[in-house]
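Worksheet: one structure, shown below.
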Amino acid sequence: MALTISSSPHDRIPLDTPTLMRRVCYCLLPGIGAQWWFFGSGSLIQILLAILTAYGAEALVLALRGRRLSPLKDNSALLTAILIGIALPPLAPWWLVVIGTGFAIIVAKHLYGGIGQNLFNPAMIAYVLLLVSFPLQMTSWLPPLELQLYPVTFADSVSAIFTGFTLDGFSPHQLRELADGATMATPLDTLKTGFTQGHTANEILANPVFDGLAGLGWQWVNLAYLAGGLMLLRLKLTSWTIPVSILLSLFVASLIGFLIAPDGTASPTLHLLSGATMVGAFFIATDPVSAATTFKGRLIYGALIGLLIYLIRTFGGYPDAIAFAVLLANMTVPMIDALTKPTTYGVRR
């Protein structure tokens with residue numbers, strides 16, 4: 001399987017799948033670095049665990065199918081593992097990433113026939129499985145290091161992930177309470193909880209987790225993934241249509257909601273620069289296998305995801321909605337492609 005990028009009407013530069021996947025992984029590095037800087041080294045450990053699990057699961061499935069192990073070199077399992085690793089809380093237990101990554105590779109990818117055959121984004125299917133099955137562990141995000149009264153070292157992260165406690169005996173839940181006294185530390189979590197308790201937006205934004213544009217640490221993580229996404233576009237590894245339509249749709253929907261009820265909804269800035277917005281728009285929704293393929297279809301597909309993100313965040317039960325929005329949009333891709341299929345030249349409608 002290879003992707004061909006046209007550099008001119010006559011010259012073609014073949015870009016094979018391993019190279020494509022590897023370059024996409026490189027573009028994720030700014031965001032990964034920002035997560036490590038603001039939330040500690042736990043995310044790096046989660047990514048490493050996910051990579052080891054992904055390659056182990058892929059090798060097992062290929063052996064059971066009687067196929068050669070050469071597909072391990074296509075780097076698709078590597079990209080899926082990285083996306084799962086960065087989506088999990090840094091101090092989530094080790095078995096959580098193993099279950100999620102194994103399910104993504106064995107069920108969401110190979111049960112449909114392997115690379116290029118999956119109907120849904122494997123990383124997002126794994127994330128939803130974990131979120132529905134283990135909601136407590138999946139929402140155990142710590143606040144940024146700046147707000148933590150107990151600094152979590154690399155050794156503490158390793159201990160917490162594999163034993164459930166830091167070297168000094170603190171659990172992730174205790175670390176969150178030591179930091180801000182709240183059970184939900186992310187900006188979207190805090191906002192959702194505050195609204196359900198009857199607080200206004202101004203009252204909720206007084207929480208120390210909110211700082212600057214969209215939350216301490218989170219805004220810089222999103223800007224880092226935005227920088228990586230722009231690298232994707234610059235290297236022509238993906239089209240601008242889906243990311244731009246997602247962000248534009250989310251901005252318009254959140255702006256309308258904010259103008260109608262400014263004290264009861266999040267601002268457009270918070271929607272765009274908090275949670276997994278940028279990594280979802282550039283690295284998840286643009287999966288070439290499960291996304292729409294026509295030009296108009298990609299615009300519709302992206303706009304639908306942006307609208308679903310806003311609706312689920314505002315009216316649904318989950319504070320961040322990237323995974324649900326992408327999977328729901330994946331279901332509509334066959335219809336979108338069928339309705340937006342360009343007419344062949346010379347064919348009468």
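Simple scheme: letters A, B, ... for chains in structure tokens order, numbers from 1 for residues in each chain, numbers from 1 for ligands in the order shown.
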
- Could you pull the residues within 8 Å of Ile105 (chain A), counting only C-alpha atoms, minus those fewer than 4 positions along the same chain, as a ChimeraX atom specification? /A:54,57-58,77,101,109-110,122

- Task: Return the single residue from A:Lys296, A:Arg313, A:His173, A:Lys73 that is closest to Asp16 (chain A), with distances computed using only C-alpha atoms.
- Result: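 Checking each of A:Lys296, A:Arg313, A:His173, A:Lys73 against Asp16 (chain A), counting only C-alpha atoms, the winner is A:Lys73.
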
- Message: Excluding region 140-149 of chain A and its own-chain neighbours fewer than 5 positions away, which residues fall within 12 Å of it when counting only C-alpha atoms? Please give them as JSON, numbers by chain.
- Response: {"A": [34, 35, 36, 37, 38, 39, 40, 41, 42, 43, 86, 87, 88, 89, 90, 91, 92, 93, 131, 134, 135, 157, 161, 164, 171, 172, 173, 174, 175, 176, 177, 178, 179, 180, 181, 182, 183, 184, 185, 186, 187, 188, 189, 190, 207, 208, 209, 210, 211, 215, 216, 217, 218, 219, 220, 221, 275]}

- Item | Of the listed residues A:Met124, A:Leu191, A:Ala227, A:Ile260, that which approaches Ile204 (chain A) most closely, counting only C-alpha atoms | A:Leu191

- Message: So that I can see what lies close to Ala214 (chain A), please list as a list in words the residues with an atom at most 6 Å from it, counting only C-alpha atoms and leaving out residues fewer than 2 positions away in the same chain.
- Response: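 Contacts, with the query itself left out: Gln219, Leu270, Leu273 and Ser274 of chain A.
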
- Residue contacts of Gly306 (chain A) (6 Å, only C-alpha atoms) excluding same-chain residues fewer than 4 positions away, as a list in words: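 Surrounding residues, per the criterion: Ile246, Ser249 and Leu250 of chain A.
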
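Taking CA of Pro342 (chain A) and CA of Thr293 (chain A) as the two end points, the separation is 10.9 Å.
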
- Find the residue from A:Gly31, A:Gly113, A:Pro319, A:Gly297 that sits nearest to Ala338 (chain A); use only C-alpha atoms when measuring.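 Result for the nearest residue to Ala338 (chain A): A:Gly297.
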
- In region 44-143 of chain A, what's alpha helix (DSSP H) per DSSP? Answer as a VMD selection string? chain A and resid 44 to 64 76 to 87 94 to 103 122 to 133 135 to 138

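Using only C-alpha atoms, the smallest distance between any of A:Val289, A:Ile82, A:Ile32, A:Leu248 and Gly302 (chain A) comes from A:Leu248.
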
- Message: Between CA of Arg67 (chain A) and CA of Phe103 (chain A), what is the distance in Å, rounded to a tenth?
- Response: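 Taking CA of Arg67 (chain A) and CA of Phe103 (chain A), their separation equals 19.6 Å.
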
- Item | Spatial neighbours of region 309-311 of chain A, 7 Å, only C-alpha atoms, chain gap at least 6 places, as an MDAnalysis selection string | chainID A and resid 250 253:254 321:322 325

Give me the residues of region 74-155 of chain A that have any atom at most 12 Å from an atom of region 277-288 of chain A; for each, the nearest atom pair and the distance in Å, rounded to one decimal. Use only C-alpha atoms, sort by chain and number, and format it as JSON lines.
```
{"residue": "A:Ser76", "atom": "CA", "partner": "A:Asp287", "partner_atom": "CA", "distance": 10.8}
{"residue": "A:Leu79", "atom": "CA", "partner": "A:Phe283", "partner_atom": "CA", "distance": 9.6}
{"residue": "A:Thr80", "atom": "CA", "partner": "A:Ile284", "partner_atom": "CA", "distance": 9.5}
{"residue": "A:Ile82", "atom": "CA", "partner": "A:Phe283", "partner_atom": "CA", "distance": 10.8}
{"residue": "A:Leu83", "atom": "CA", "partner": "A:Ile284", "partner_atom": "CA", "distance": 8.1}
{"residue": "A:Ile84", "atom": "CA", "partner": "A:Ile284", "partner_atom": "CA", "distance": 10.6}
{"residue": "A:Ile86", "atom": "CA", "partner": "A:Val279", "partner_atom": "CA", "distance": 9.6}
{"residue": "A:Ala87", "atom": "CA", "partner": "A:Val279", "partner_atom": "CA", "distance": 9.5}
{"residue": "A:Ile115", "atom": "CA", "partner": "A:Pro288", "partner_atom": "CA", "distance": 10.8}
{"residue": "A:Gly116", "atom": "CA", "partner": "A:Pro288", "partner_atom": "CA", "distance": 8.4}
{"residue": "A:Gln117", "atom": "CA", "partner": "A:Pro288", "partner_atom": "CA", "distance": 10.7}
{"residue": "A:Asn118", "atom": "CA", "partner": "A:Asp287", "partner_atom": "CA", "distance": 10.4}
{"residue": "A:Leu119", "atom": "CA", "partner": "A:Asp287", "partner_atom": "CA", "distance": 10.5}
{"residue": "A:Phe120", "atom": "CA", "partner": "A:Asp287", "partner_atom": "CA", "distance": 9.2}
{"residue": "A:Asn121", "atom": "CA", "partner": "A:Asp287", "partner_atom": "CA", "distance": 7.0}
{"residue": "A:Pro122", "atom": "CA", "partner": "A:Ile284", "partner_atom": "CA", "distance": 9.7}
{"residue": "A:Ala123", "atom": "CA", "partner": "A:Ile284", "partner_atom": "CA", "distance": 8.2}
{"residue": "A:Met124", "atom": "CA", "partner": "A:Ile284", "partner_atom": "CA", "distance": 8.0}
{"residue": "A:Ile125", "atom": "CA", "partner": "A:Ile284", "partner_atom": "CA", "distance": 11.4}
{"residue": "A:Tyr127", "atom": "CA", "partner": "A:Ile284", "partner_atom": "CA", "distance": 11.9}
```

Save the residues we just selected, all heavy atoms, as a compact mmCIF listing (two decimals), in the first residue's frame?
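What follows is the written file selection_34.txt:
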```
# COMPACT_ATOMS: atom_id res chain seq x y z
N SER A 76 1.76 1.60 11.07
CA SER A 76 0.37 1.93 11.40
C SER A 76 0.07 1.61 12.86
O SER A 76 -0.64 2.37 13.53
CB SER A 76 -0.59 1.17 10.47
OG SER A 76 -0.46 -0.23 10.64
N LEU A 79 1.51 4.42 15.06
CA LEU A 79 0.69 5.63 15.13
C LEU A 79 -0.53 5.42 16.01
O LEU A 79 -0.87 6.29 16.83
CB LEU A 79 0.26 6.04 13.72
CG LEU A 79 -0.63 7.29 13.62
CD1 LEU A 79 0.06 8.49 14.26
CD2 LEU A 79 -1.00 7.57 12.17
N THR A 80 -1.19 4.28 15.87
CA THR A 80 -2.34 3.99 16.72
C THR A 80 -1.95 3.98 18.19
O THR A 80 -2.66 4.52 19.04
CB THR A 80 -2.95 2.62 16.33
OG1 THR A 80 -3.41 2.68 14.98
CG2 THR A 80 -4.12 2.26 17.23
N ILE A 82 0.56 5.52 19.67
CA ILE A 82 0.88 6.87 20.16
C ILE A 82 -0.39 7.64 20.44
O ILE A 82 -0.51 8.34 21.47
CB ILE A 82 1.77 7.61 19.15
CG1 ILE A 82 3.15 6.95 19.08
CG2 ILE A 82 1.90 9.08 19.53
CD1 ILE A 82 4.06 7.55 18.04
N LEU A 83 -1.38 7.54 19.56
CA LEU A 83 -2.64 8.25 19.77
C LEU A 83 -3.36 7.77 21.03
O LEU A 83 -3.95 8.58 21.76
CB LEU A 83 -3.54 8.08 18.54
CG LEU A 83 -3.08 8.78 17.27
CD1 LEU A 83 -4.00 8.43 16.10
CD2 LEU A 83 -3.01 10.29 17.46
N ILE A 84 -3.30 6.48 21.29
CA ILE A 84 -3.91 5.96 22.51
C ILE A 84 -3.14 6.43 23.73
O ILE A 84 -3.71 6.83 24.74
CB ILE A 84 -3.98 4.42 22.47
CG1 ILE A 84 -4.94 3.96 21.37
CG2 ILE A 84 -4.43 3.86 23.81
CD1 ILE A 84 -4.96 2.46 21.15
N ILE A 86 -1.32 9.14 24.24
CA ILE A 86 -1.49 10.55 24.59
C ILE A 86 -2.91 10.85 25.04
O ILE A 86 -3.15 11.88 25.68
CB ILE A 86 -1.12 11.47 23.40
CG1 ILE A 86 -2.05 11.22 22.21
CG2 ILE A 86 0.33 11.28 23.02
CD1 ILE A 86 -1.75 12.12 21.02
N ALA A 87 -3.85 9.96 24.73
CA ALA A 87 -5.25 10.20 25.11
C ALA A 87 -5.54 9.77 26.55
O ALA A 87 -6.53 10.21 27.13
CB ALA A 87 -6.19 9.45 24.16
N ILE A 115 -4.86 -3.25 7.90
CA ILE A 115 -4.69 -1.87 7.50
C ILE A 115 -5.42 -1.57 6.19
O ILE A 115 -5.41 -2.37 5.25
CB ILE A 115 -3.19 -1.53 7.35
CG1 ILE A 115 -3.00 -0.04 7.05
CG2 ILE A 115 -2.54 -2.39 6.29
CD1 ILE A 115 -1.56 0.41 7.09
N GLY A 116 -6.13 -0.46 6.18
CA GLY A 116 -6.87 -0.06 5.00
C GLY A 116 -8.28 -0.62 4.92
O GLY A 116 -9.03 -0.28 4.00
N GLN A 117 -8.67 -1.47 5.87
CA GLN A 117 -9.98 -2.11 5.84
C GLN A 117 -10.90 -1.68 6.98
O GLN A 117 -12.09 -1.99 6.96
CB GLN A 117 -9.82 -3.64 5.89
CG GLN A 117 -8.91 -4.22 4.81
CD GLN A 117 -9.44 -3.98 3.41
OE1 GLN A 117 -10.63 -4.04 3.16
NE2 GLN A 117 -8.53 -3.71 2.47
N ASN A 118 -10.38 -0.98 7.96
CA ASN A 118 -11.18 -0.65 9.14
C ASN A 118 -12.21 0.43 8.82
O ASN A 118 -11.90 1.43 8.15
CB ASN A 118 -10.27 -0.18 10.28
CG ASN A 118 -9.29 0.90 9.85
OD1 ASN A 118 -8.29 0.60 9.18
ND2 ASN A 118 -9.56 2.14 10.24
N LEU A 119 -13.43 0.24 9.32
CA LEU A 119 -14.50 1.20 9.10
C LEU A 119 -14.42 2.36 10.08
O LEU A 119 -14.92 3.46 9.80
CB LEU A 119 -15.87 0.52 9.24
CG LEU A 119 -16.15 -0.63 8.27
CD1 LEU A 119 -17.52 -1.22 8.56
CD2 LEU A 119 -16.06 -0.15 6.83
N PHE A 120 -13.82 2.13 11.24
CA PHE A 120 -13.75 3.14 12.29
C PHE A 120 -12.29 3.37 12.68
O PHE A 120 -11.44 2.50 12.49
CB PHE A 120 -14.56 2.72 13.51
CG PHE A 120 -16.01 2.44 13.22
CD1 PHE A 120 -16.45 1.14 13.00
CD2 PHE A 120 -16.93 3.47 13.17
CE1 PHE A 120 -17.77 0.88 12.72
CE2 PHE A 120 -18.26 3.22 12.89
CZ PHE A 120 -18.69 1.92 12.66
N ASN A 121 -12.04 4.52 13.25
CA ASN A 121 -10.69 4.82 13.71
C ASN A 121 -10.34 3.92 14.90
O ASN A 121 -11.00 3.98 15.94
CB ASN A 121 -10.63 6.30 14.14
CG ASN A 121 -9.22 6.73 14.49
OD1 ASN A 121 -8.65 6.30 15.48
ND2 ASN A 121 -8.67 7.61 13.68
N PRO A 122 -9.33 3.06 14.79
CA PRO A 122 -9.02 2.09 15.86
C PRO A 122 -8.71 2.75 17.20
O PRO A 122 -9.13 2.27 18.25
CB PRO A 122 -7.82 1.33 15.31
CG PRO A 122 -7.91 1.48 13.83
CD PRO A 122 -8.46 2.84 13.61
N ALA A 123 -7.95 3.84 17.18
CA ALA A 123 -7.59 4.49 18.44
C ALA A 123 -8.82 5.04 19.16
O ALA A 123 -8.92 4.97 20.39
CB ALA A 123 -6.60 5.63 18.17
N MET A 124 -9.78 5.56 18.39
CA MET A 124 -10.98 6.13 19.01
C MET A 124 -11.93 5.04 19.51
O MET A 124 -12.62 5.22 20.52
CB MET A 124 -11.69 7.05 18.03
CG MET A 124 -10.91 8.31 17.72
SD MET A 124 -10.55 9.32 19.20
CE MET A 124 -8.88 8.76 19.67
N ILE A 125 -11.98 3.92 18.83
CA ILE A 125 -12.78 2.80 19.33
C ILE A 125 -12.21 2.33 20.67
O ILE A 125 -12.95 2.06 21.62
CB ILE A 125 -12.79 1.64 18.31
CG1 ILE A 125 -13.69 1.99 17.13
CG2 ILE A 125 -13.28 0.35 18.96
CD1 ILE A 125 -13.96 0.86 16.18
N TYR A 127 -10.47 4.12 22.78
CA TYR A 127 -10.71 5.16 23.78
C TYR A 127 -12.13 5.09 24.32
O TYR A 127 -12.36 5.17 25.53
CB TYR A 127 -10.44 6.53 23.17
CG TYR A 127 -10.63 7.67 24.14
CD1 TYR A 127 -9.60 8.06 24.99
CD2 TYR A 127 -11.84 8.34 24.22
CE1 TYR A 127 -9.76 9.11 25.89
CE2 TYR A 127 -12.02 9.39 25.13
CZ TYR A 127 -10.98 9.76 25.95
OH TYR A 127 -11.16 10.78 26.85
```
